[in-house]
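A.B. asks: Structure: input11.cif, mmCIF, C-alpha atoms.
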data_input
#
loop_
_atom_site.label_atom_id
_atom_site.label_comp_id
_atom_site.auth_asym_id
_atom_site.auth_seq_id
_atom_site.Cartn_x
_atom_site.Cartn_y
_atom_site.Cartn_z
CA MET A 16 -21.91 9.62 -16.73
CA VAL A 17 -22.06 7.83 -13.39
CA THR A 18 -19.81 9.36 -10.74
CA LYS A 19 -18.07 6.66 -8.78
CA ASP A 20 -17.60 7.13 -5.07
CA ASP A 21 -14.13 7.22 -3.55
CA ASN A 22 -14.21 3.66 -2.26
CA GLU A 23 -15.17 2.27 -5.66
CA LEU A 24 -12.25 4.12 -7.20
CA VAL A 25 -9.88 2.89 -4.49
CA PHE A 26 -11.09 -0.65 -5.13
CA GLU A 27 -10.32 -0.26 -8.83
CA VAL A 28 -6.89 1.27 -8.15
CA GLN A 29 -6.10 -1.72 -5.96
CA ARG A 30 -6.81 -3.86 -9.01
CA GLY A 31 -4.45 -1.93 -11.22
CA SER A 32 -6.49 0.97 -12.61
CA ARG A 33 -4.33 4.06 -12.96
CA SER A 34 -7.19 5.99 -14.57
CA SER A 35 -9.21 5.57 -11.35
CA PHE A 36 -6.32 7.03 -9.41
CA GLU A 37 -6.27 9.95 -11.83
CA VAL A 38 -9.93 10.60 -10.98
CA LEU A 39 -9.01 10.65 -7.27
CA ILE A 40 -6.19 13.11 -7.96
CA GLU A 41 -8.52 15.36 -9.96
CA ARG A 42 -11.05 15.21 -7.14
CA TYR A 43 -8.69 16.14 -4.31
CA GLN A 44 -5.61 17.88 -5.74
CA LYS A 45 -6.91 21.42 -5.28
CA LYS A 46 -7.98 20.83 -1.69
CA ILE A 47 -4.75 19.11 -0.73
CA TYR A 48 -2.66 21.72 -2.51
CA GLY A 49 -4.66 24.49 -0.80
CA MET A 50 -4.15 22.94 2.60
CA VAL A 51 -0.43 22.43 2.05
CA LEU A 52 -0.06 25.95 0.69
CA GLN A 53 -1.70 27.38 3.79
CA MET A 54 0.73 25.46 5.92
CA THR A 55 3.90 26.18 3.95
CA ASN A 56 3.37 29.62 2.36
CA ASP A 57 5.36 28.39 -0.61
CA SER A 58 3.62 27.44 -3.82
CA GLU A 59 6.51 25.40 -5.25
CA LEU A 60 7.01 23.53 -2.00
CA ALA A 61 3.24 23.01 -1.77
CA LYS A 62 3.22 21.48 -5.26
CA ASP A 63 6.10 19.15 -4.35
CA ILE A 64 4.42 18.07 -1.13
CA THR A 65 1.06 17.56 -2.85
CA GLN A 66 2.72 15.30 -5.41
CA GLU A 67 4.46 13.40 -2.64
CA VAL A 68 1.15 13.01 -0.78
CA PHE A 69 -0.50 11.43 -3.82
CA LEU A 70 2.48 9.18 -4.51
CA LYS A 71 2.45 7.98 -0.90
CA THR A 72 -1.28 7.51 -1.09
CA TYR A 73 -0.89 5.36 -4.19
CA THR A 74 1.77 3.13 -2.70
CA SER A 75 -0.23 2.79 0.54
CA LEU A 76 -3.56 2.01 -1.15
CA PRO A 77 -3.18 -1.77 -0.91
CA ARG A 78 -3.34 -1.33 2.87
CA PHE A 79 -6.35 1.00 2.77
CA ASN A 80 -8.94 0.02 5.34
CA PHE A 81 -12.42 0.36 3.85
CA ARG A 82 -13.80 1.06 7.30
CA TYR A 83 -12.53 4.64 6.91
CA ARG A 84 -13.46 7.24 4.37
CA PHE A 85 -10.86 7.84 1.70
CA PHE A 86 -10.69 11.61 2.14
CA SER A 87 -10.05 11.29 5.92
CA TRP A 88 -7.19 8.97 5.14
CA LEU A 89 -5.84 11.25 2.41
CA TYR A 90 -6.00 14.34 4.65
CA ARG A 91 -4.18 12.48 7.37
CA ILE A 92 -1.38 11.56 4.95
CA ALA A 93 -1.30 15.19 3.76
CA LEU A 94 -1.13 16.57 7.31
CA ASN A 95 1.63 14.19 8.33
CA GLU A 96 3.62 14.77 5.17
CA THR A 97 3.34 18.56 5.38
CA ILE A 98 4.24 18.70 9.05
CA GLY A 99 7.21 16.41 8.40
CA GLN A 100 8.43 18.48 5.45
CA MET A 101 8.01 21.76 7.32
CA LYS A 102 10.03 20.45 10.23
CA SER A 103 12.81 19.43 7.89
CA ARG A 104 12.84 22.52 5.69
CA ARG A 105 11.63 25.47 7.82
CA HIS A 106 10.77 27.18 4.55
CA HIS A 107 8.51 30.21 4.47
CA ILE A 108 8.18 33.75 3.17
CA SER A 109 9.11 36.17 5.91
CA LEU A 110 7.31 39.35 6.77
CA GLU A 111 10.45 41.27 5.91
CA LYS A 112 10.44 39.70 2.46
CA ALA A 113 6.83 40.78 1.95
CA ARG A 114 7.67 44.31 3.06
CA SER A 115 10.48 44.44 0.54
CA VAL A 116 8.06 43.84 -2.34
CA PRO A 117 7.48 47.16 -4.11
CA ALA A 118 3.80 48.03 -4.24
CA ASP A 119 2.45 50.33 -6.90
CA GLU A 120 -1.02 50.83 -5.51
CA PRO A 121 -1.81 52.37 -2.12
CA GLY A 122 -3.13 49.72 0.25
CA LEU A 123 -1.58 46.84 -1.67
CA GLN A 124 1.42 46.84 0.65
CA THR A 125 -0.89 46.65 3.70
CA GLU A 126 -2.93 43.91 2.10
CA LEU A 127 0.20 41.93 1.32
CA GLU A 128 1.46 42.41 4.87
CA ASN A 129 -1.89 41.31 6.26
CA ALA A 130 -1.84 38.21 4.09
CA VAL A 131 1.61 37.33 5.37
CA LYS A 132 0.65 38.04 9.00
CA PHE A 133 -2.33 35.77 8.59
CA ARG A 134 -0.27 32.96 7.10
CA GLU A 135 2.49 33.34 9.65
CA SER A 136 0.04 33.30 12.55
CA LEU A 137 -1.42 30.12 11.14
CA ARG A 138 2.02 28.65 10.54
CA ASP A 139 3.19 29.47 14.08
CA LEU A 140 0.37 27.50 15.67
CA LYS A 141 1.01 24.09 17.17
CA ASP A 142 0.64 21.39 14.53
CA SER A 143 -2.51 20.02 16.13
CA HIS A 144 -4.13 23.48 16.31
CA ARG A 145 -3.18 24.33 12.74
CA SER A 146 -4.54 21.04 11.46
CA LEU A 147 -7.83 21.63 13.20
CA ILE A 148 -8.21 25.16 11.82
CA LEU A 149 -7.43 23.92 8.31
CA LEU A 150 -9.78 20.97 8.45
CA LYS A 151 -12.59 23.02 9.93
CA TYR A 152 -12.34 26.24 7.97
CA TYR A 153 -10.50 25.44 4.75
CA PHE A 154 -12.18 22.12 4.10
CA GLY A 155 -15.40 22.71 5.96
CA LEU A 156 -15.29 19.28 7.55
CA SER A 157 -17.88 18.47 10.20
CA TYR A 158 -16.83 17.62 13.76
CA GLU A 159 -17.45 13.93 12.97
CA GLU A 160 -15.30 14.05 9.85
CA ILE A 161 -12.48 15.80 11.71
CA ALA A 162 -12.73 13.19 14.47
CA GLU A 163 -12.35 10.44 11.86
CA THR A 164 -9.45 12.19 10.13
CA MET A 165 -7.53 12.86 13.33
CA ASP A 166 -8.57 9.61 14.97
CA ILE A 167 -9.95 11.28 18.10
CA SER A 168 -13.43 11.60 19.61
CA VAL A 169 -15.92 14.29 18.60
CA ALA A 170 -15.82 15.68 22.17
CA LYS A 171 -12.04 16.03 21.91
CA VAL A 172 -12.39 17.74 18.53
CA LYS A 173 -14.70 20.34 20.09
CA ASP A 174 -12.37 20.89 23.07
CA ARG A 175 -9.28 21.18 20.93
CA LEU A 176 -10.98 23.37 18.35
CA PHE A 177 -11.95 25.82 21.08
CA ASN A 178 -8.30 26.00 22.15
CA ALA A 179 -7.08 26.19 18.55
CA ARG A 180 -9.38 29.12 17.79
CA GLU A 181 -8.19 30.94 20.90
CA ALA A 182 -4.55 30.31 20.01
CA PHE A 183 -5.04 31.48 16.43
CA ARG A 184 -6.85 34.65 17.44
CA ASN A 185 -4.14 35.39 20.02
CA LYS A 186 -1.42 34.97 17.38
CA LEU A 187 -3.27 37.34 15.06
CA ASN A 188 -3.66 39.83 17.91
CA GLU A 189 0.05 39.62 18.68
CA SER A 190 0.87 40.34 15.04
CA LYS A 191 -1.55 43.31 15.13
CA TYR A 192 -3.60 41.77 12.36
CA PHE A 193 -6.86 43.21 13.70
CA ASN A 194 -7.49 46.91 13.62
CA HIS A 195 -9.32 47.42 16.91
CA ASP A 196 -9.20 51.23 16.87
CA MET B 7 -10.96 34.99 26.94
CA ILE B 8 -14.69 34.51 26.65
CA GLU B 9 -16.67 31.59 27.98
CA ARG B 10 -16.59 28.41 25.97
CA LYS B 11 -20.38 28.25 25.71
CA LEU B 12 -20.61 31.79 24.36
CA ALA B 13 -17.73 31.18 21.94
CA ASP B 14 -19.49 28.07 20.61
CA LEU B 15 -22.68 30.07 20.17
CA ILE B 16 -20.80 32.76 18.23
CA HIS B 17 -19.30 30.16 15.88
CA GLU B 18 -22.70 28.57 15.36
CA SER B 19 -24.01 32.01 14.47
CA LEU B 20 -21.15 32.64 12.03
CA GLU B 21 -21.94 29.33 10.37
CA GLY B 22 -25.61 30.31 10.14
CA ASN B 23 -26.79 27.51 12.38
CA LEU B 24 -28.77 29.54 14.93
CA THR B 25 -32.52 29.88 14.99
CA ALA B 26 -34.03 33.38 14.96
CA PRO B 27 -34.66 33.48 18.75
CA GLU B 28 -31.12 32.17 19.45
CA GLN B 29 -29.68 34.80 17.13
CA GLN B 30 -31.67 37.53 18.88
CA GLN B 31 -30.43 36.29 22.23
CA LEU B 32 -26.84 36.35 20.98
CA THR B 33 -27.21 39.84 19.52
CA ALA B 34 -28.47 41.07 22.87
CA GLU B 35 -25.53 39.40 24.63
CA LEU B 36 -23.04 40.96 22.20
CA SER B 37 -24.44 44.42 22.81
CA ARG B 38 -23.94 43.91 26.57
CA ASN B 39 -20.53 42.21 26.35
CA PRO B 40 -17.82 44.17 24.46
CA GLU B 41 -15.28 41.35 24.76
CA ALA B 42 -17.69 38.90 23.14
CA ASP B 43 -18.54 41.48 20.50
CA ARG B 44 -14.85 41.87 19.64
CA TYR B 45 -14.48 38.08 19.48
CA TYR B 46 -17.43 37.95 17.10
CA ARG B 47 -15.99 40.67 14.83
CA ASP B 48 -12.51 39.14 14.88
CA TRP B 49 -13.85 35.82 13.74
CA GLN B 50 -15.89 37.49 11.02
CA ILE B 51 -12.61 38.96 9.74
CA ILE B 52 -10.77 35.62 10.05
CA ARG B 53 -13.47 33.74 8.17
CA SER B 54 -13.62 36.38 5.49
CA ARG B 55 -9.82 36.09 5.01
CA ILE B 56 -10.05 32.30 4.80
CA GLU B 57 -12.81 32.51 2.17
CA GLN B 58 -10.72 35.04 0.23
CA THR B 59 -7.68 32.73 0.36
CA LYS B 60 -9.74 29.71 -0.67
CA ASN B 61 -11.17 31.52 -3.66
CA SER B 62 -7.82 32.89 -4.75
CA LEU B 63 -6.31 29.42 -5.09
CA ALA B 64 -5.37 29.07 -8.70
CA GLU B 65 -6.59 26.07 -10.62
CA ILE B 66 -3.91 23.50 -10.24
CA GLN B 67 -3.26 20.49 -12.43
CA LEU B 68 -0.89 18.03 -10.88
CA ALA B 69 -2.35 14.79 -12.18
CA PRO B 70 -0.05 14.36 -15.23
CA GLU B 71 3.07 14.99 -13.15
CA ILE B 72 1.96 12.61 -10.39
CA LEU B 73 0.94 9.89 -12.82
CA LYS B 74 4.34 10.20 -14.47
CA HIS B 75 6.01 9.35 -11.17
CA LEU B 76 3.80 6.43 -10.22
CA PRO B 77 5.51 3.04 -10.07
CA MET B 78 5.11 1.36 -13.45
CA GLU B 79 3.95 -2.00 -12.16
CA SER B 80 0.25 -2.39 -11.53
CA GLN B 81 -1.01 -1.62 -8.09
CA HIS B 82 -2.36 -4.88 -6.78
CA LEU B 83 -3.35 -6.03 -3.37
CA PRO B 84 -0.52 -7.95 -1.79
CA LYS B 85 -0.90 -11.56 -2.75
CA PRO B 86 -2.07 -13.74 0.11
CA GLU B 87 0.65 -15.78 1.70
CA PRO B 88 0.76 -19.23 0.14
CA ILE B 89 -0.55 -21.98 2.35
CA ILE B 90 2.47 -23.89 3.52
CA ARG B 91 1.61 -27.53 3.98
CA ILE B 92 3.99 -29.25 6.34
CA PRO B 93 3.97 -33.04 5.90
CA PHE B 94 1.87 -34.51 8.68
CA TRP B 95 4.71 -36.64 10.04
CA LYS B 96 6.79 -33.50 10.59
CA ARG B 97 4.05 -31.68 12.48
CA LEU B 98 4.54 -31.35 16.22
CA SER B 99 0.88 -32.15 16.79
CA PHE B 100 1.33 -35.45 14.94
CA ARG B 101 4.42 -36.33 16.96
CA TYR B 102 2.72 -35.53 20.25
CA SER B 103 -0.30 -37.54 19.13
CA MET B 104 1.92 -40.52 18.35
CA VAL B 105 3.51 -40.33 21.81
CA LEU B 106 0.05 -40.10 23.34
CA ILE B 107 -1.25 -43.04 21.29
CA ALA B 108 1.81 -45.11 22.21
CA GLY B 109 1.22 -44.25 25.87
CA ILE B 110 -2.45 -45.21 25.68
CA PHE B 111 -1.60 -48.43 23.84
CA LEU B 112 1.00 -49.34 26.42
CA GLY B 113 -1.45 -48.54 29.21
CA PHE B 114 -4.10 -50.62 27.51
CA MET B 115 -1.73 -53.56 27.12
CA MET B 116 -0.75 -53.37 30.76
CA PHE B 117 -4.38 -53.12 31.80
CA SER B 118 -5.26 -56.13 29.62
CA PHE B 119 -2.41 -58.07 31.09
CA PHE B 120 -3.31 -57.35 34.72
CA ALA B 121 -7.08 -57.42 34.35
CA HIS B 122 -7.23 -60.51 32.16
CA GLY B 123 -9.50 -62.42 34.50
CA THR B 124 -12.09 -59.68 34.83
CA ARG B 125 -12.32 -58.73 31.14
CA GLN B 126 -15.82 -58.63 29.75
CA LYS B 127 -16.84 -60.28 26.54
CA ALA B 128 -16.18 -58.16 23.48
CA GLY B 129 -19.26 -56.56 21.86
CA ASP B 130 -20.70 -57.29 18.46
CA GLU B 131 -18.47 -55.81 15.73
CA SER B 132 -21.46 -54.34 13.92
CA GLN B 133 -22.12 -52.11 16.94
CA MET B 134 -18.65 -50.58 16.81
CA LYS B 135 -18.40 -46.96 15.76
CA GLY B 136 -15.49 -44.66 14.95
CA THR B 137 -14.01 -42.13 12.58
CA LEU B 138 -10.87 -42.45 10.58
CA TYR B 139 -9.64 -38.96 9.88
CA ASP B 140 -8.40 -38.63 6.33
CA THR B 141 -5.00 -37.03 6.35
CA ARG B 142 -4.62 -36.77 2.61
CA GLY B 143 -3.78 -33.31 1.28
CA PHE B 144 -6.33 -31.18 -0.53
CA ASP B 145 -4.68 -31.79 -3.88
CA GLN B 146 -5.08 -35.55 -3.51
CA MET B 147 -8.80 -35.28 -2.73
CA LYS B 148 -11.51 -35.67 -5.37
CA GLN B 149 -12.91 -32.52 -6.93
CA ALA B 150 -16.60 -31.95 -6.21
CA ASP B 151 -16.81 -28.55 -7.88
CA ASN B 152 -15.03 -25.21 -8.15
CA ILE B 153 -17.67 -22.50 -8.30
CA LEU B 154 -16.58 -19.06 -9.42
CA PHE B 155 -18.65 -15.92 -9.02
CA ASP B 156 -17.86 -12.43 -10.30
CA ASN B 157 -20.28 -9.53 -10.62
CA ASN B 158 -17.66 -6.74 -10.76
CA MET B 159 -18.10 -5.73 -7.12
CA ILE B 160 -17.92 -9.23 -5.60
CA LYS B 161 -15.62 -12.04 -6.59
CA GLY B 162 -15.91 -15.40 -4.93
CA SER B 163 -14.70 -18.93 -5.39
CA PHE B 164 -15.90 -22.08 -3.63
CA ASN B 165 -13.54 -24.94 -4.33
CA VAL B 166 -14.81 -28.18 -2.80
CA ARG B 167 -12.95 -31.49 -2.65
CA TYR B 168 -13.66 -34.65 -0.75
CA SER B 169 -12.36 -38.01 0.27
CA THR B 170 -14.43 -40.80 1.75
CA GLY B 171 -15.15 -39.14 5.07
CA ILE B 172 -13.84 -35.61 4.74
CA VAL B 173 -15.01 -32.62 2.74
CA GLU B 174 -12.74 -29.62 2.42
CA ALA B 175 -13.86 -26.31 0.95
CA ARG B 176 -11.47 -23.50 0.11
CA ILE B 177 -13.28 -20.23 -0.20
CA THR B 178 -12.00 -16.90 -1.41
CA PHE B 179 -13.91 -13.62 -1.40
CA SER B 180 -13.02 -10.24 -2.79
CA SER B 181 -15.59 -7.58 -2.01
CA LEU B 182 -15.50 -3.84 -1.56
CA TYR B 183 -18.50 -3.78 0.76
CA PRO B 184 -19.51 -6.24 3.50
CA ILE B 185 -20.97 -9.50 2.22
CA LYS B 186 -21.97 -12.79 3.78
CA GLY B 187 -21.06 -16.21 2.49
CA LEU B 188 -23.22 -19.08 3.69
CA ILE B 189 -22.34 -22.76 3.44
CA GLU B 190 -25.42 -24.80 4.30
CA PHE B 191 -25.62 -28.51 5.04
CA ASP B 192 -27.67 -31.05 6.94
CA TYR B 193 -26.27 -31.65 10.40
CA ASN B 194 -27.45 -35.27 10.19
CA ASN B 195 -24.92 -35.79 7.43
CA PHE B 196 -22.11 -33.43 8.26
CA GLN B 197 -20.21 -32.26 11.26
CA VAL B 198 -17.93 -29.24 11.24
CA LEU B 199 -14.37 -30.37 11.88
CA ASN B 200 -12.51 -27.17 11.35
CA VAL B 201 -12.92 -23.64 10.05
CA SER B 202 -9.95 -21.40 9.53
CA ASN B 203 -9.10 -17.94 8.28
CA VAL B 204 -6.10 -18.43 6.05
CA SER B 205 -5.61 -14.83 5.07
CA VAL B 206 -8.20 -12.58 6.63
CA ASN B 207 -8.30 -8.91 7.60
CA ASP B 208 -9.76 -7.73 10.91
CA GLN B 209 -13.10 -6.83 9.38
CA SER B 210 -13.84 -10.39 8.31
CA ASN B 211 -14.57 -13.57 10.20
CA ILE B 212 -16.02 -17.04 9.93
CA ILE B 213 -18.61 -18.55 12.27
CA ALA B 214 -19.55 -22.24 12.47
CA SER B 215 -22.97 -23.59 13.45
CA PRO B 216 -24.22 -27.20 13.37
CA ASN B 217 -25.94 -26.79 10.01
CA TYR B 218 -24.25 -23.82 8.40
CA ILE B 219 -21.07 -21.78 8.28
CA GLN B 220 -21.25 -18.04 7.92
CA ILE B 221 -18.45 -15.91 6.51
CA ASN B 222 -18.59 -12.16 7.04
CA ASN B 223 -16.26 -10.65 4.46
CA VAL B 224 -14.88 -7.27 3.42
CA GLY B 225 -11.85 -7.04 1.14
CA ASP B 226 -9.80 -9.97 -0.15
CA ASN B 227 -9.73 -13.02 2.09
CA GLN B 228 -9.32 -16.79 2.09
CA TYR B 229 -11.03 -19.36 4.28
CA ILE B 230 -10.86 -23.14 4.71
CA VAL B 231 -13.71 -25.28 5.97
CA GLN B 232 -13.45 -28.99 6.78
CA LEU B 233 -16.53 -31.11 7.30
CA LEU B 234 -16.87 -34.69 8.39
CA ASN B 235 -19.21 -36.67 6.17
CA LYS B 236 -20.78 -38.74 8.94
CA ASN B 237 -21.94 -41.63 6.78
CA SER B 238 -19.63 -41.17 3.78
CA LEU B 239 -22.63 -41.07 1.46
CA GLN B 240 -23.56 -38.68 -1.33
CA HIS B 241 -24.84 -35.33 0.01
CA GLN B 242 -25.38 -31.79 -1.12
CA ILE B 243 -23.78 -28.65 0.30
CA GLY B 244 -25.33 -25.28 -0.46
CA PHE B 245 -23.38 -22.08 -1.10
CA LYS B 246 -24.84 -18.57 -1.02
CA ILE B 247 -23.51 -15.02 -1.26
CA LEU B 248 -25.61 -12.29 0.34
CA GLN B 249 -25.21 -8.56 0.17
CA ASN B 250 -27.28 -6.54 2.66
CA ASP B 251 -28.84 -9.90 3.56
CA VAL B 252 -30.18 -10.27 0.01
CA PRO B 253 -28.88 -13.31 -1.90
CA VAL B 254 -26.89 -12.29 -4.97
CA TYR B 255 -25.74 -15.80 -5.81
CA GLN B 256 -26.53 -19.36 -4.81
CA ASN B 257 -25.43 -22.77 -5.92
CA ALA B 258 -24.80 -26.25 -4.53
CA VAL B 259 -22.17 -28.94 -4.82
CA VAL B 260 -22.50 -32.68 -4.41
CA VAL B 261 -19.87 -34.72 -2.60
CA ASN B 262 -19.24 -38.47 -2.62
CA LYS B 263 -20.78 -38.71 -6.07
CA GLU B 264 -19.70 -42.31 -6.57
#
Using structure tokens, write down the structure that the file contains.
C.D. replies:
Amino acid sequence: MVTKDDNELVFEVQRGSRSSFEVLIERYQKKIYGMVLQMTNDSELAKDITQEVFLKTYTSLPRFNFRYRFFSWLYRIALNETIGQMKSRRHHISLEKARSVPADEPGLQTELENAVKFRESLRDLKDSHRSLILLKYYFGLSYEEIAETMDISVAKVKDRLFNAREAFRNKLNESKYFNHD
Amino acid sequence: MIERKLADLIHESLEGNLTAPEQQQLTAELSRNPEADRYYRDWQIIRSRIEQTKNSLAEIQLAPEILKHLPMESQHLPKPEPIIRIPFWKRLSFRYSMVLIAGIFLGFMMFSFFAHGTRQKAGDESQMKGTLYDTRGFDQMKQADNILFDNNMIKGSFNVRYSTGIVEARITFSSLYPIKGLIEFDYNNFQVLNVSNVSVNDQSNIIASPNYIQINNVGDNQYIVQLLNKNSLQHQIGFKILQNDVPVYQNAVVVNKE
């Protein structure tokens, strides 16, 4: 079976093919959901936002500019949608909530706390820093691909990524995520 | 905070992009620089956590739910705006032209009146030349041909009509990737009067030369080309579609068949 590239599928969706859009959803749903989940810490909210991202993508497809790559465009919609939703909802699992979860096994409580510290440190970053960390480390995008997604130059990506990494590490340090003893 | 250059080197190392000598150099630097060493270890932990999180993402199946919520109507490209043809007598350009013509005529009459004695003898009528622009609408013109092309990835139409002195071609292209459309003609027989992008995105354009017109197209676009048939005789106009500069289609139409 021949695998169609994203642009071919987009072209078919623009001509009315819902099955081609289903292929695009299958191709990207896990990545988008993963990214949104990392940003929101809430699986139900992440599902809702992911659905919204694909619905917005579908209705915006007639305006898709074939000069760009589809995934860059999709990630940009996902970033904007997630940031917008987070601003409006301020919805996340708190550290206190994690601590209240009874843990049967020794170490599980610490692991759970660490997971929450990690997510909260990521969540507390500036939107632009968080987006860069997600695109670089969760999606493994190259500098060029990040530049295209965020519509900035590669040099700016490198500068901002340096600052984003510093900010993230500082947040983790503040939350005592690292055991430096 | 460690130096940017060293931090970049550490991240290259963590991504496995360093050569053996570079890695050795970094290892030596880390053993000398505890702050850099801590940075390196911290980022090892961060990356390991990210990998763990990525792998723990449950398989998710949202497609059925999303498809259920899609608008029911088919997703089509917005239809190009219809070409609105304003009757020529209502066009501002026509009205200004009429005022200009009236002015010139009046001037000519006054000149004739005052310069009557010095007027030269009129030339031979057979030597007179001129062009009468045909203002008839496209629908009233005679059909030369309407060529349609469709190979799944490229759709094109080349609808050519003509009157005695004017040839008008309406061209549409729909292509996912960049293509070229070429309209070729003999400059002894034709002169380009007008080329226009009726509904064109910013990645597409149309270029006129004395003996051909080139359309660079991506996406769905419409173009109009008007040529002057210099001698109002029967001539051929070629039409080609090229992808990566390789012709994928070519044909020709004949105008003024009578």
A.B. asks: Find the residues around B:Leu20 up to 9 Å (all atoms listed in the file counted), leave out those fewer than 5 positions away in its own chain, and share them as a ChimeraX atom specification.
C.D. replies: /B:15,46,49-50,53
A.B. asks: Name every residue that the PyMOL selection byres ((chain A) within 6 of (chain B)) selects in this structure, writing the answer as a list in words with chains first and numbers rising.
C.D. replies: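 In the shown coordinates, the PyMOL selection byres ((chain A) within 6 of (chain B)) covers Gln29, Arg30, Gly31, Ile40, Gln66 and Pro77 of chain A.
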A.B. asks: As a check of understanding, name the residues that the PyMOL selection byres ((chain B and resi 255) around 12) selects in the supplied structure, as an mmCIF file with C-alpha atoms, in the frame of the given file.
C.D. replies:
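Once everything was written out, this is selection34.cif:
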data_model
loop_
_atom_site.group_PDB
_atom_site.id
_atom_site.type_symbol
_atom_site.label_atom_id
_atom_site.label_comp_id
_atom_site.auth_asym_id
_atom_site.auth_seq_id
_atom_site.Cartn_x
_atom_site.Cartn_y
_atom_site.Cartn_z
ATOM 1 C CA ILE B 153 -17.670 -22.500 -8.300
ATOM 2 C CA LEU B 154 -16.580 -19.060 -9.420
ATOM 3 C CA PHE B 155 -18.650 -15.920 -9.020
ATOM 4 C CA ASP B 156 -17.860 -12.430 -10.300
ATOM 5 C CA ASN B 157 -20.280 -9.530 -10.620
ATOM 6 C CA ILE B 160 -17.920 -9.230 -5.600
ATOM 7 C CA LYS B 161 -15.620 -12.040 -6.590
ATOM 8 C CA GLY B 162 -15.910 -15.400 -4.930
ATOM 9 C CA SER B 163 -14.700 -18.930 -5.390
ATOM 10 C CA PHE B 164 -15.900 -22.080 -3.630
ATOM 11 C CA ILE B 185 -20.970 -9.500 2.220
ATOM 12 C CA LYS B 186 -21.970 -12.790 3.780
ATOM 13 C CA GLY B 187 -21.060 -16.210 2.490
ATOM 14 C CA LEU B 188 -23.220 -19.080 3.690
ATOM 15 C CA GLY B 244 -25.330 -25.280 -0.460
ATOM 16 C CA PHE B 245 -23.380 -22.080 -1.100
ATOM 17 C CA LYS B 246 -24.840 -18.570 -1.020
ATOM 18 C CA ILE B 247 -23.510 -15.020 -1.260
ATOM 19 C CA LEU B 248 -25.610 -12.290 0.340
ATOM 20 C CA GLN B 249 -25.210 -8.560 0.170
ATOM 21 C CA ASP B 251 -28.840 -9.900 3.560
ATOM 22 C CA VAL B 252 -30.180 -10.270 0.010
ATOM 23 C CA PRO B 253 -28.880 -13.310 -1.900
ATOM 24 C CA VAL B 254 -26.890 -12.290 -4.970
ATOM 25 C CA GLN B 256 -26.530 -19.360 -4.810
ATOM 26 C CA ASN B 257 -25.430 -22.770 -5.920
ATOM 27 C CA ALA B 258 -24.800 -26.250 -4.530
#
A.B. asks: In Å to one decimal, how far is atom CA of A:Asp20 from atom CA of A:Asn95?
C.D. replies: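 About the pair atom CA of A:Asn95 and atom CA of A:Asp20: they are 24.5 Å apart.
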A.B. asks: In Å, how far is it from atom CA of B:Gln30 to atom CA of B:Glu9?
C.D. replies: 18.5 Å
A.B. asks: Report the residues retrieved by the PyMOL selection byres ((chain A and resi 163-176) around 10) from the displayed file, expressed as a PyMOL selection string.
C.D. replies: (chain A and resi 83-92+94+143-148+150-151+156-162+177-182) or (chain B and resi 10+14)
A.B. asks: So what do you get for atom CA of B:Leu234 versus atom CA of B:Ala214, distance-wise?
C.D. replies: 13.4 Å
A.B. asks: Residues at most 10 Å from A:Glu135, counting all atoms listed in the file, excluding those fewer than 2 positions away in the same chain, as an mmCIF file with C-alpha atoms, in the frame of the given file?
C.D. replies:
data_model
loop_
_atom_site.group_PDB
_atom_site.id
_atom_site.type_symbol
_atom_site.label_atom_id
_atom_site.label_comp_id
_atom_site.auth_asym_id
_atom_site.auth_seq_id
_atom_site.Cartn_x
_atom_site.Cartn_y
_atom_site.Cartn_z
ATOM 1 C CA GLN A 53 -1.700 27.380 3.790
ATOM 2 C CA MET A 54 0.730 25.460 5.920
ATOM 3 C CA THR A 55 3.900 26.180 3.950
ATOM 4 C CA ASN A 56 3.370 29.620 2.360
ATOM 5 C CA HIS A 107 8.510 30.210 4.470
ATOM 6 C CA ILE A 108 8.180 33.750 3.170
ATOM 7 C CA SER A 109 9.110 36.170 5.910
ATOM 8 C CA LEU A 110 7.310 39.350 6.770
ATOM 9 C CA ASN A 129 -1.890 41.310 6.260
ATOM 10 C CA ALA A 130 -1.840 38.210 4.090
ATOM 11 C CA VAL A 131 1.610 37.330 5.370
ATOM 12 C CA LYS A 132 0.650 38.040 9.000
ATOM 13 C CA PHE A 133 -2.330 35.770 8.590
ATOM 14 C CA LEU A 137 -1.420 30.120 11.140
ATOM 15 C CA ARG A 138 2.020 28.650 10.540
ATOM 16 C CA ASP A 139 3.190 29.470 14.080
ATOM 17 C CA LEU A 140 0.370 27.500 15.670
ATOM 18 C CA LYS A 186 -1.420 34.970 17.380
ATOM 19 C CA LEU A 187 -3.270 37.340 15.060
ATOM 20 C CA SER A 190 0.870 40.340 15.040
#
A.B. asks: Which of these residues is nearest to A:Lys191, using all atoms listed in the file: A:Ser34, A:Glu128, A:Thr72, A:Glu27?
C.D. replies: A:Glu128
A.B. asks: Hey, what's within 10 Å of B:Arg167 if we count all atoms listed in the file and toss same-chain stuff fewer than 6 positions away? As a PyMOL selection string, please?
C.D. replies: chain B and resi 144-152+173-176+232+259-262
A.B. asks: Using 8 Å of padding on each side, determine the axis-aligned box around all atoms of stretch 94-99 of chain B present in the file and give its centre and edge lengths in Å to one decimal, as lines of an AutoDock Vina configuration file.
C.D. replies:
center_x = 3.8
center_y = -34.0
center_z = 12.7
size_x = 21.9
size_y = 21.3
size_z = 24.1
A.B. asks: So which residues are close to (-6.8, 25.1, 2.5), meaning at most 7 Å away in the file's coordinates with only C-alpha atoms counted, and can you show them as a PyMOL selection string?
C.D. replies: (chain A and resi 46+49-51+53+149+153-154) or (chain B and resi 60)
